[in-house]
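Structure file coords-v2.pdb; described as PDB, C-alpha atoms, pLDDT in the B column.
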ATOM      1  CA  MET L   1      -2.527 -21.973  13.901  1.00 63.00           C
ATOM      2  CA  SER L   2      -1.879 -21.228  17.568  1.00 77.00           C
ATOM      3  CA  GLY L   3      -4.569 -19.961  19.896  1.00 85.00           C
ATOM      4  CA  ILE L   4      -2.710 -16.670  20.297  1.00 89.00           C
ATOM      5  CA  ALA L   5      -2.653 -16.095  16.542  1.00 90.00           C
ATOM      6  CA  LEU L   6      -6.360 -16.901  16.238  1.00 93.00           C
ATOM      7  CA  GLY L   7      -7.150 -14.586  19.139  1.00 94.00           C
ATOM      8  CA  MET L   8      -5.181 -11.759  17.521  1.00 95.00           C
ATOM      9  CA  ILE L   9      -7.021 -12.273  14.226  1.00 95.00           C
ATOM     10  CA  ILE L  10     -10.374 -11.974  15.990  1.00 95.00           C
ATOM     11  CA  PHE L  11      -9.162  -8.974  17.980  1.00 96.00           C
ATOM     12  CA  ALA L  12      -7.931  -7.263  14.811  1.00 95.00           C
ATOM     13  CA  TYR L  13     -11.267  -7.756  13.086  1.00 96.00           C
ATOM     14  CA  LEU L  14     -13.274  -6.462  16.037  1.00 96.00           C
ATOM     15  CA  LEU L  15     -10.982  -3.447  16.429  1.00 95.00           C
ATOM     16  CA  GLY L  16     -11.258  -2.723  12.725  1.00 93.00           C
ATOM     17  CA  SER L  17     -15.047  -2.941  13.009  1.00 94.00           C
ATOM     18  CA  ILE L  18     -15.134   0.146  15.238  1.00 93.00           C
ATOM     19  CA  SER L  19     -16.047   2.829  12.708  1.00 91.00           C
ATOM     20  CA  SER L  20     -14.225   5.952  13.825  1.00 92.00           C
ATOM     21  CA  ALA L  21     -15.927   8.010  11.118  1.00 91.00           C
ATOM     22  CA  ILE L  22     -19.396   7.248  12.447  1.00 91.00           C
ATOM     23  CA  LEU L  23     -18.452   7.642  16.112  1.00 93.00           C
ATOM     24  CA  ILE L  24     -16.526  10.897  15.654  1.00 93.00           C
ATOM     25  CA  CYS L  25     -19.359  12.370  13.611  1.00 91.00           C
ATOM     26  CA  ARG L  26     -21.810  11.456  16.369  1.00 91.00           C
ATOM     27  CA  LEU L  27     -19.613  12.988  19.060  1.00 91.00           C
ATOM     28  CA  ALA L  28     -19.090  16.161  17.020  1.00 88.00           C
ATOM     29  CA  GLY L  29     -22.765  16.483  16.128  1.00 89.00           C
ATOM     30  CA  LEU L  30     -22.066  15.997  12.434  1.00 89.00           C
ATOM     31  CA  PRO L  31     -24.269  14.194   9.902  1.00 88.00           C
ATOM     32  CA  ASP L  32     -23.924  10.436   9.591  1.00 86.00           C
ATOM     33  CA  PRO L  33     -21.265   9.885   6.883  1.00 87.00           C
ATOM     34  CA  ARG L  34     -23.204   6.858   5.632  1.00 85.00           C
ATOM     35  CA  HIS L  35     -26.095   9.097   4.609  1.00 85.00           C
ATOM     36  CA  HIS L  36     -24.314  12.302   3.596  1.00 81.00           C
ATOM     37  CA  GLY L  37     -21.649  13.265   1.108  1.00 73.00           C
ATOM     38  CA  SER L  38     -20.416  10.171  -0.729  1.00 70.00           C
ATOM     39  CA  GLY L  39     -22.002   7.840   1.795  1.00 76.00           C
ATOM     40  CA  ASN L  40     -18.612   6.326   2.632  1.00 76.00           C
ATOM     41  CA  PRO L  41     -17.636   6.257   6.342  1.00 87.00           C
ATOM     42  CA  GLY L  42     -14.029   7.315   5.891  1.00 83.00           C
ATOM     43  CA  ALA L  43     -11.729  10.281   6.402  1.00 84.00           C
ATOM     44  CA  THR L  44     -12.254  11.786   2.931  1.00 76.00           C
ATOM     45  CA  ASN L  45     -16.027  11.903   3.298  1.00 80.00           C
ATOM     46  CA  VAL L  46     -15.766  13.269   6.848  1.00 87.00           C
ATOM     47  CA  LEU L  47     -13.504  16.002   5.456  1.00 82.00           C
ATOM     48  CA  ARG L  48     -16.249  16.807   2.993  1.00 78.00           C
ATOM     49  CA  ILE L  49     -19.057  17.029   5.537  1.00 84.00           C
ATOM     50  CA  GLY L  50     -17.277  17.944   8.768  1.00 84.00           C
ATOM     51  CA  GLY L  51     -14.002  19.724   8.055  1.00 83.00           C
ATOM     52  CA  LYS L  52     -10.302  19.086   8.646  1.00 85.00           C
ATOM     53  CA  LEU L  53     -10.314  18.510  12.403  1.00 91.00           C
ATOM     54  CA  ALA L  54     -12.906  15.741  12.312  1.00 91.00           C
ATOM     55  CA  ALA L  55     -11.269  14.159   9.269  1.00 89.00           C
ATOM     56  CA  ALA L  56      -7.865  14.187  10.988  1.00 92.00           C
ATOM     57  CA  GLY L  57      -9.360  12.400  13.994  1.00 94.00           C
ATOM     58  CA  VAL L  58     -10.883   9.746  11.748  1.00 93.00           C
ATOM     59  CA  LEU L  59      -7.625   9.285   9.858  1.00 92.00           C
ATOM     60  CA  ILE L  60      -5.583   8.814  13.038  1.00 94.00           C
ATOM     61  CA  CYS L  61      -8.047   6.307  14.492  1.00 95.00           C
ATOM     62  CA  ASP L  62      -8.228   4.336  11.259  1.00 94.00           C
ATOM     63  CA  VAL L  63      -4.431   4.132  11.079  1.00 94.00           C
ATOM     64  CA  LEU L  64      -4.233   2.958  14.701  1.00 95.00           C
ATOM     65  CA  LYS L  65      -6.788   0.214  14.016  1.00 94.00           C
ATOM     66  CA  GLY L  66      -4.292  -1.375  11.635  1.00 93.00           C
ATOM     67  CA  MET L  67      -1.129  -0.541  13.551  1.00 93.00           C
ATOM     68  CA  LEU L  68      -2.012  -1.763  17.046  1.00 95.00           C
ATOM     69  CA  PRO L  69      -2.965  -5.401  16.334  1.00 94.00           C
ATOM     70  CA  VAL L  70      -0.001  -5.972  13.996  1.00 92.00           C
ATOM     71  CA  TRP L  71       2.400  -4.356  16.439  1.00 92.00           C
ATOM     72  CA  LEU L  72       1.067  -6.450  19.330  1.00 94.00           C
ATOM     73  CA  ALA L  73       1.265  -9.616  17.239  1.00 92.00           C
ATOM     74  CA  TYR L  74       4.859  -8.780  16.359  1.00 88.00           C
ATOM     75  CA  LEU L  75       5.707  -8.383  20.054  1.00 90.00           C
ATOM     76  CA  LEU L  76       4.074 -11.747  20.727  1.00 91.00           C
ATOM     77  CA  GLN L  77       6.376 -13.247  18.087  1.00 88.00           C
ATOM     78  CA  ILE L  78       3.538 -14.535  15.951  1.00 90.00           C
ATOM     79  CA  PRO L  79       4.831 -15.970  12.625  1.00 87.00           C
ATOM     80  CA  TYR L  80       5.088 -13.501   9.752  1.00 82.00           C
ATOM     81  CA  PHE L  81       2.431 -15.261   7.680  1.00 83.00           C
ATOM     82  CA  TYR L  82      -0.145 -14.704  10.414  1.00 89.00           C
ATOM     83  CA  LEU L  83       0.906 -11.061  10.703  1.00 87.00           C
ATOM     84  CA  GLY L  84      -0.457 -10.658   7.192  1.00 85.00           C
ATOM     85  CA  ILE L  85      -3.690 -12.415   8.154  1.00 90.00           C
ATOM     86  CA  ILE L  86      -4.026 -10.132  11.195  1.00 93.00           C
ATOM     87  CA  ALA L  87      -3.486  -7.049   9.037  1.00 90.00           C
ATOM     88  CA  ILE L  88      -6.094  -8.262   6.556  1.00 90.00           C
ATOM     89  CA  ALA L  89      -8.507  -9.003   9.407  1.00 94.00           C
ATOM     90  CA  ALA L  90      -8.190  -5.402  10.639  1.00 94.00           C
ATOM     91  CA  CYS L  91      -8.874  -4.096   7.132  1.00 92.00           C
ATOM     92  CA  LEU L  92     -11.821  -6.449   6.666  1.00 93.00           C
ATOM     93  CA  GLY L  93     -13.204  -5.172   9.951  1.00 93.00           C
ATOM     94  CA  HIS L  94     -13.008  -1.620   8.610  1.00 92.00           C
ATOM     95  CA  ILE L  95     -14.545  -2.627   5.285  1.00 89.00           C
ATOM     96  CA  TYR L  96     -17.223  -4.917   6.750  1.00 91.00           C
ATOM     97  CA  PRO L  97     -17.740  -3.752  10.352  1.00 92.00           C
ATOM     98  CA  VAL L  98     -19.788  -6.178  12.407  1.00 92.00           C
ATOM     99  CA  PHE L  99     -20.950  -3.331  14.662  1.00 90.00           C
ATOM    100  CA  PHE L 100     -22.308  -1.211  11.781  1.00 86.00           C
ATOM    101  CA  HIS L 101     -24.219  -3.633   9.562  1.00 84.00           C
ATOM    102  CA  PHE L 102     -21.104  -4.613   7.592  1.00 86.00           C
ATOM    103  CA  LYS L 103     -20.992  -1.293   5.719  1.00 83.00           C
ATOM    104  CA  GLY L 104     -17.609   0.405   6.041  1.00 85.00           C
ATOM    105  CA  GLY L 105     -14.906   2.237   4.128  1.00 83.00           C
ATOM    106  CA  LYS L 106     -12.176   1.066   1.794  1.00 83.00           C
ATOM    107  CA  GLY L 107      -9.540   0.324   4.400  1.00 86.00           C
ATOM    108  CA  VAL L 108      -6.661   2.344   2.933  1.00 88.00           C
ATOM    109  CA  ALA L 109      -5.759   4.136   6.183  1.00 90.00           C
ATOM    110  CA  THR L 110      -6.069   0.892   8.161  1.00 93.00           C
ATOM    111  CA  ALA L 111      -3.830  -0.904   5.653  1.00 91.00           C
ATOM    112  CA  PHE L 112      -1.316   1.917   5.937  1.00 91.00           C
ATOM    113  CA  GLY L 113      -1.358   1.549   9.705  1.00 92.00           C
ATOM    114  CA  SER L 114      -0.656  -2.171   9.372  1.00 90.00           C
ATOM    115  CA  ILE L 115       2.386  -1.449   7.220  1.00 87.00           C
ATOM    116  CA  ALA L 116       3.488   1.353   9.543  1.00 87.00           C
ATOM    117  CA  ALA L 117       3.867  -1.203  12.343  1.00 84.00           C
ATOM    118  CA  ILE L 118       6.766  -2.757  10.424  1.00 81.00           C
ATOM    119  CA  GLY L 119       8.978   0.339  10.500  1.00 81.00           C
ATOM    120  CA  TRP L 120       9.037   4.110  10.100  1.00 81.00           C
ATOM    121  CA  ASP L 121      11.398   4.000   7.109  1.00 84.00           C
ATOM    122  CA  LEU L 122       8.883   1.932   5.169  1.00 86.00           C
ATOM    123  CA  THR L 123       6.058   4.140   6.407  1.00 87.00           C
ATOM    124  CA  GLY L 124       7.782   7.239   5.057  1.00 90.00           C
ATOM    125  CA  LEU L 125       8.302   5.656   1.644  1.00 92.00           C
ATOM    126  CA  VAL L 126       4.685   4.526   1.313  1.00 92.00           C
ATOM    127  CA  ALA L 127       3.338   7.884   2.524  1.00 91.00           C
ATOM    128  CA  GLY L 128       5.736   9.747   0.230  1.00 94.00           C
ATOM    129  CA  THR L 129       4.642   7.650  -2.739  1.00 95.00           C
ATOM    130  CA  TRP L 130       0.984   8.389  -2.037  1.00 92.00           C
ATOM    131  CA  LEU L 131       1.608  12.110  -1.569  1.00 92.00           C
ATOM    132  CA  LEU L 132       3.775  12.461  -4.684  1.00 94.00           C
ATOM    133  CA  THR L 133       1.260  10.588  -6.810  1.00 94.00           C
ATOM    134  CA  VAL L 134      -1.623  12.739  -5.557  1.00 89.00           C
ATOM    135  CA  LEU L 135       0.306  15.984  -6.084  1.00 91.00           C
ATOM    136  CA  LEU L 136       1.269  15.004  -9.631  1.00 91.00           C
ATOM    137  CA  SER L 137      -2.066  13.548 -10.698  1.00 88.00           C
ATOM    138  CA  GLY L 138      -4.663  15.033  -8.352  1.00 84.00           C
ATOM    139  CA  TYR L 139      -6.242  11.606  -7.849  1.00 86.00           C
ATOM    140  CA  SER L 140      -6.395  10.309  -4.280  1.00 82.00           C
ATOM    141  CA  SER L 141      -7.452   6.877  -5.501  1.00 85.00           C
ATOM    142  CA  LEU L 142      -4.459   6.683  -7.848  1.00 91.00           C
ATOM    143  CA  GLY L 143      -2.196   7.472  -4.905  1.00 90.00           C
ATOM    144  CA  ALA L 144      -3.648   4.521  -2.995  1.00 89.00           C
ATOM    145  CA  ILE L 145      -3.353   2.209  -6.007  1.00 92.00           C
ATOM    146  CA  VAL L 146       0.266   3.123  -6.780  1.00 94.00           C
ATOM    147  CA  SER L 147       1.232   2.856  -3.103  1.00 93.00           C
ATOM    148  CA  ALA L 148      -0.344  -0.599  -2.876  1.00 92.00           C
ATOM    149  CA  LEU L 149       1.550  -1.718  -5.974  1.00 94.00           C
ATOM    150  CA  VAL L 150       4.979  -0.593  -4.808  1.00 94.00           C
ATOM    151  CA  ALA L 151       4.645  -1.381  -1.072  1.00 93.00           C
ATOM    152  CA  PRO L 152       5.690  -5.063  -1.437  1.00 92.00           C
ATOM    153  CA  PHE L 153       8.835  -3.984  -3.308  1.00 93.00           C
ATOM    154  CA  TYR L 154       9.707  -1.479  -0.594  1.00 92.00           C
ATOM    155  CA  VAL L 155       9.254  -4.177   2.038  1.00 90.00           C
ATOM    156  CA  TRP L 156      11.340  -6.668   0.043  1.00 91.00           C
ATOM    157  CA  TRP L 157      14.164  -4.146  -0.027  1.00 90.00           C
ATOM    158  CA  PHE L 158      14.103  -3.234   3.681  1.00 85.00           C
ATOM    159  CA  LYS L 159      12.567  -6.243   5.462  1.00 85.00           C
ATOM    160  CA  PRO L 160      12.104  -9.140   3.029  1.00 88.00           C
ATOM    161  CA  GLU L 161      10.591 -11.429   5.667  1.00 84.00           C
ATOM    162  CA  PHE L 162       7.428  -9.265   5.563  1.00 85.00           C
ATOM    163  CA  THR L 163       7.086  -9.270   1.772  1.00 89.00           C
ATOM    164  CA  PHE L 164       4.378 -11.925   1.552  1.00 86.00           C
ATOM    165  CA  PRO L 165       2.118 -10.473   4.284  1.00 83.00           C
ATOM    166  CA  VAL L 166       2.353  -6.994   2.776  1.00 88.00           C
ATOM    167  CA  ALA L 167       1.670  -8.381  -0.699  1.00 90.00           C
ATOM    168  CA  MET L 168      -1.508  -9.981   0.655  1.00 86.00           C
ATOM    169  CA  LEU L 169      -2.565  -6.658   2.135  1.00 87.00           C
ATOM    170  CA  SER L 170      -1.809  -4.826  -1.116  1.00 90.00           C
ATOM    171  CA  CYS L 171      -3.997  -7.271  -3.029  1.00 89.00           C
ATOM    172  CA  LEU L 172      -6.927  -6.456  -0.739  1.00 87.00           C
ATOM    173  CA  VAL L 173      -6.446  -2.720  -1.284  1.00 87.00           C
ATOM    174  CA  LEU L 174      -6.288  -3.178  -5.058  1.00 90.00           C
ATOM    175  CA  ILE L 175      -9.418  -5.342  -5.070  1.00 88.00           C
ATOM    176  CA  ARG L 176     -11.270  -2.651  -3.133  1.00 84.00           C
ATOM    177  CA  HIS L 177     -10.204  -0.105  -5.763  1.00 85.00           C
ATOM    178  CA  HIS L 178     -11.374  -1.993  -8.835  1.00 86.00           C
ATOM    179  CA  ASP L 179     -14.031   0.647  -9.491  1.00 84.00           C
ATOM    180  CA  ASN L 180     -11.398   3.388  -9.220  1.00 83.00           C
ATOM    181  CA  ILE L 181      -9.213   1.614 -11.765  1.00 89.00           C
ATOM    182  CA  GLN L 182     -12.089   1.453 -14.228  1.00 89.00           C
ATOM    183  CA  ARG L 183     -12.956   5.118 -13.705  1.00 86.00           C
ATOM    184  CA  LEU L 184      -9.336   6.171 -14.097  1.00 89.00           C
ATOM    185  CA  TRP L 185      -9.084   4.176 -17.309  1.00 90.00           C
ATOM    186  CA  ARG L 186     -12.214   5.840 -18.650  1.00 88.00           C
ATOM    187  CA  GLY L 187     -11.155   9.307 -17.492  1.00 84.00           C
ATOM    188  CA  GLN L 188     -14.180   9.580 -15.213  1.00 80.00           C
ATOM    189  CA  GLU L 189     -12.410   9.910 -11.859  1.00 81.00           C
ATOM    190  CA  SER L 190     -12.566  13.377 -10.301  1.00 74.00           C
ATOM    191  CA  ARG L 191      -9.516  15.119  -8.903  1.00 76.00           C
ATOM    192  CA  ILE L 192      -9.227  16.252  -5.286  1.00 68.00           C
ATOM    193  CA  TRP L 193      -9.050  19.946  -6.047  1.00 63.00           C
ATOM    194  CA  GLN L 194     -12.151  19.693  -8.221  1.00 60.00           C
ATOM    195  CA  LYS L 195     -14.044  18.559  -5.132  1.00 58.00           C
ATOM    196  CA  LEU L 196     -12.480  21.185  -2.914  1.00 52.00           C
ATOM    197  CA  LYS L 197     -13.652  23.938  -5.264  1.00 55.00           C
ATOM    198  CA  LYS L 198     -17.279  22.932  -4.906  1.00 55.00           C
ATOM    199  CA  LYS L 199     -19.289  25.368  -2.861  1.00 44.00           C
ATOM    200  CA  ARG L 200     -20.568  24.303   0.543  1.00 46.00           C
ATOM    201  CA  ALA L 201     -23.906  25.886  -0.318  1.00 45.00           C
ATOM    202  CA  LYS L 202     -24.973  22.720  -2.074  1.00 50.00           C
ATOM    203  CA  THR L 203     -27.655  20.717  -0.386  1.00 48.00           C
ATOM    204  CA  ASP L 204     -27.072  17.211   0.912  1.00 50.00           C
ATOM    205  CA  LYS L 205     -29.286  15.862  -1.839  1.00 51.00           C
ATOM    206  CA  GLU L 206     -27.142  17.440  -4.549  1.00 53.00           C
ATOM    207  CA  ILE L 207     -23.936  16.181  -2.926  1.00 50.00           C
ATOM    208  CA  ILE L 208     -25.268  12.629  -2.650  1.00 52.00           C
ATOM    209  CA  GLN L 209     -26.415  12.669  -6.276  1.00 55.00           C
ATOM    210  CA  GLU L 210     -22.974  13.778  -7.453  1.00 54.00           C
ATOM    211  CA  ALA L 211     -21.214  11.307  -5.184  1.00 52.00           C
ATOM    212  CA  LYS L 212     -23.130   8.406  -6.731  1.00 53.00           C
ATOM    213  CA  GLU L 213     -21.438   9.251 -10.021  1.00 54.00           C
ATOM    214  CA  GLN L 214     -17.981   9.331  -8.486  1.00 52.00           C
ATOM    215  CA  GLU L 215     -15.722   6.875  -6.714  1.00 45.00           C
ATOM    216  CA  LYS L 216     -15.870   6.633  -2.961  1.00 50.00           C
ATOM    217  CA  GLU L 217     -12.206   7.334  -2.417  1.00 49.00           C
ATOM    218  CA  ASP L 218     -11.454   6.345   1.192  1.00 48.00           C
TER     219      ASP L 218
END
Show how you would write the structure in this file as structure tokens.
Amino acid sequence: MSGIALGMIIFAYLLGSISSAILICRLAGLPDPRHHGSGNPGATNVLRIGGKLAAAGVLICDVLKGMLPVWLAYLLQIPYFYLGIIAIAACLGHIYPVFFHFKGGKGVATAFGSIAAIGWDLTGLVAGTWLLTVLLSGYSSLGAIVSALVAPFYVWWFKPEFTFPVAMLSCLVLIRHHDNIQRLWRGQESRIWQKLKKKRAKTDKEIIQEAKEQEKED
């Protein structure tokens, strides 16, 4: 492994460790997402406790955390295998952030950003797959799982040289969703619109209690 590749892996992990959910909530004067809602510092939980604008900011930042290091590594002509390692490092930073006691989100948006760095055609297919799955099923987690499963095949069709790195990234996403898979199998996963129909009048204690019985979807 070259020094440049190693440096990019470290950079990707440190960049991924910057929790945009926590920082944006602090700047906006919102509750700490680690202690409110589902307790997951990700865009979905920020949407729940802070609204669409804050959640959109978190989503964009999380995507950029995956996109920037992979894109820079590609410009530096780092071998494709290490591009996958860099992408995984960014996701691991999001999942286990060194700056926030190693407690982060699920890394779906960051993984998407890593794939987006490969090309916009692939990005559109992955995003379309997630959106179609969510619209048909109502499960955000199922959208992430299906997208992770088909992403390597999309890459193989458009840019086969990136198939192995993307497959590695998809495996990480699927591992992080093992609880979702079990809940989906048991019929215990809640749909997005079921959550959106819940009244905001509920106290934080009630929301946290309900969230413990559900999957943390980010």
Worksheet item: What is the CA of Leu174 in chain L-CA of Trp130 in chain L distance in Å, reported with one decimal?
Response: 14.0 Å
Worksheet item: From the list L:Leu83, L:Ala109, L:Ala5, L:Ile145, which residue is nearest Val70 in chain L when using all atoms listed in the file?
Response: L:Leu83
Fill in: Nearby residues (only C-alpha atoms) at most 9 Å from Cys61 in chain L, same-chain spacing under 6 positions excluded, as a ChimeraX atom specification
/L:19-21,109-110
Discussion item. Since I can't run it myself right now, could you work out what the PyMOL selection byres ((chain L and resi 122) around 12) selects here and report it as JSON, numbers by chain?
Written reply: {"L": [112, 113, 114, 115, 116, 117, 118, 119, 120, 121, 123, 124, 125, 126, 127, 128, 129, 147, 150, 151, 152, 153, 154, 155, 156, 157, 158, 159, 160, 162, 163, 166]}
Discussion item. Env of Ile10 in chain L: 10 Å cut, atoms = all atoms listed in the file, seq-sep filter 6 positions within chain, self excluded. Answer as a list in words.
Written reply: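 Contacts, in chain order: Ile4, Gly16, Pro69, Ile86, Ala89, Ala90 and Gly93 of chain L.
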Item to complete: Considering all atoms listed in the file, return as a VMD selection string whatever protein or nucleic-acid residues lie within 12 Å of Gly57 in chain L, sequence-local ones (same chain, fewer than 6 positions apart) excluded.
Response: chain L and resid 19 to 25 27 to 28 42 to 44 46 to 47 50 to 51 63 to 64 109
Discussion item. Please expand the PyMOL selection byres ((chain L and resi 40) around 9) into the concrete residues it hits in this file, giving the result as a list in words.
Written reply: Pro33, Arg34, His35, His36, Gly37, Ser38, Gly39, Pro41, Gly42, Ala43, Thr44, Asn45, Val46, Lys103, Gly104, Gly105, Lys106, Lys216, Glu217 and Asp218 of chain L
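Between CA of Phe11 in chain L and CA of Phe99 in chain L there is a distance of 13.5 Å.
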Item to complete: Give me, please, the distance in Å between CA of Val173 in chain L and CA of Arg186 in chain L, quoted to one decimal.
Response: 20.2 Å
Item to complete: Convert the output of the PyMOL selection byres ((chain L and resi 177) around 12) on the shown file into explicit residues, formatted as JSON, numbers by chain.
Response: {"L": [105, 106, 107, 108, 140, 141, 142, 143, 144, 145, 146, 148, 149, 170, 171, 172, 173, 174, 175, 176, 178, 179, 180, 181, 182, 183, 184, 189, 215, 216, 217, 218]}
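Shortest atom-to-atom contact with Ala167 in chain L among L:Leu30, L:Leu92, L:Ala111, L:Leu53: L:Ala111, counting all atoms listed in the file.
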Reconstruct range 127-140 of chain L at the level of N, CA, C and O atoms, and format the result as a PDB file, in the coordinates of the input.
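What landed in rebuild.pdb:
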ATOM      1  N   ALA L 127       4.035   6.597   2.429  1.00 91.00           N
ATOM      2  CA  ALA L 127       3.338   7.884   2.524  1.00 91.00           C
ATOM      3  C   ALA L 127       3.851   8.858   1.469  1.00 91.00           C
ATOM      4  O   ALA L 127       3.067   9.597   0.858  1.00 91.00           O
ATOM      5  N   GLY L 128       5.157   8.859   1.240  1.00 94.00           N
ATOM      6  CA  GLY L 128       5.736   9.747   0.230  1.00 94.00           C
ATOM      7  C   GLY L 128       5.262   9.396  -1.162  1.00 94.00           C
ATOM      8  O   GLY L 128       4.995  10.285  -1.987  1.00 94.00           O
ATOM      9  N   THR L 129       5.136   8.095  -1.433  1.00 95.00           N
ATOM     10  CA  THR L 129       4.642   7.650  -2.739  1.00 95.00           C
ATOM     11  C   THR L 129       3.212   8.108  -2.954  1.00 95.00           C
ATOM     12  O   THR L 129       2.852   8.599  -4.030  1.00 95.00           O
ATOM     13  N   TRP L 130       2.386   7.945  -1.921  1.00 92.00           N
ATOM     14  CA  TRP L 130       0.984   8.389  -2.037  1.00 92.00           C
ATOM     15  C   TRP L 130       0.913   9.897  -2.272  1.00 92.00           C
ATOM     16  O   TRP L 130       0.206  10.362  -3.172  1.00 92.00           O
ATOM     17  N   LEU L 131       1.668  10.653  -1.470  1.00 92.00           N
ATOM     18  CA  LEU L 131       1.608  12.110  -1.569  1.00 92.00           C
ATOM     19  C   LEU L 131       2.106  12.597  -2.921  1.00 92.00           C
ATOM     20  O   LEU L 131       1.486  13.468  -3.544  1.00 92.00           O
ATOM     21  N   LEU L 132       3.220  12.038  -3.392  1.00 94.00           N
ATOM     22  CA  LEU L 132       3.775  12.461  -4.684  1.00 94.00           C
ATOM     23  C   LEU L 132       2.811  12.141  -5.815  1.00 94.00           C
ATOM     24  O   LEU L 132       2.614  12.968  -6.720  1.00 94.00           O
ATOM     25  N   THR L 133       2.207  10.973  -5.764  1.00 94.00           N
ATOM     26  CA  THR L 133       1.260  10.588  -6.810  1.00 94.00           C
ATOM     27  C   THR L 133       0.049  11.516  -6.819  1.00 94.00           C
ATOM     28  O   THR L 133      -0.410  11.940  -7.889  1.00 94.00           O
ATOM     29  N   VAL L 134      -0.456  11.854  -5.645  1.00 89.00           N
ATOM     30  CA  VAL L 134      -1.623  12.739  -5.557  1.00 89.00           C
ATOM     31  C   VAL L 134      -1.269  14.144  -6.048  1.00 89.00           C
ATOM     32  O   VAL L 134      -2.042  14.772  -6.784  1.00 89.00           O
ATOM     33  N   LEU L 135      -0.098  14.641  -5.661  1.00 91.00           N
ATOM     34  CA  LEU L 135       0.306  15.984  -6.084  1.00 91.00           C
ATOM     35  C   LEU L 135       0.493  16.069  -7.599  1.00 91.00           C
ATOM     36  O   LEU L 135       0.184  17.089  -8.221  1.00 91.00           O
ATOM     37  N   LEU L 136       1.021  15.000  -8.189  1.00 91.00           N
ATOM     38  CA  LEU L 136       1.269  15.004  -9.631  1.00 91.00           C
ATOM     39  C   LEU L 136       0.014  14.766 -10.452  1.00 91.00           C
ATOM     40  O   LEU L 136      -0.142  15.326 -11.533  1.00 91.00           O
ATOM     41  N   SER L 137      -0.884  13.931  -9.920  1.00 88.00           N
ATOM     42  CA  SER L 137      -2.066  13.548 -10.698  1.00 88.00           C
ATOM     43  C   SER L 137      -3.352  14.210 -10.225  1.00 88.00           C
ATOM     44  O   SER L 137      -4.259  14.443 -11.019  1.00 88.00           O
ATOM     45  N   GLY L 138      -3.430  14.488  -8.916  1.00 84.00           N
ATOM     46  CA  GLY L 138      -4.663  15.033  -8.352  1.00 84.00           C
ATOM     47  C   GLY L 138      -5.667  13.976  -7.959  1.00 84.00           C
ATOM     48  O   GLY L 138      -6.735  14.286  -7.454  1.00 84.00           O
ATOM     49  N   TYR L 139      -5.320  12.700  -8.167  1.00 86.00           N
ATOM     50  CA  TYR L 139      -6.242  11.606  -7.849  1.00 86.00           C
ATOM     51  C   TYR L 139      -5.827  10.914  -6.555  1.00 86.00           C
ATOM     52  O   TYR L 139      -4.768  10.278  -6.493  1.00 86.00           O
ATOM     53  N   SER L 140      -6.668  10.992  -5.540  1.00 82.00           N
ATOM     54  CA  SER L 140      -6.395  10.309  -4.280  1.00 82.00           C
ATOM     55  C   SER L 140      -6.418   8.800  -4.468  1.00 82.00           C
ATOM     56  O   SER L 140      -5.589   8.070  -3.901  1.00 82.00           O
TER      57      SER L 140
END
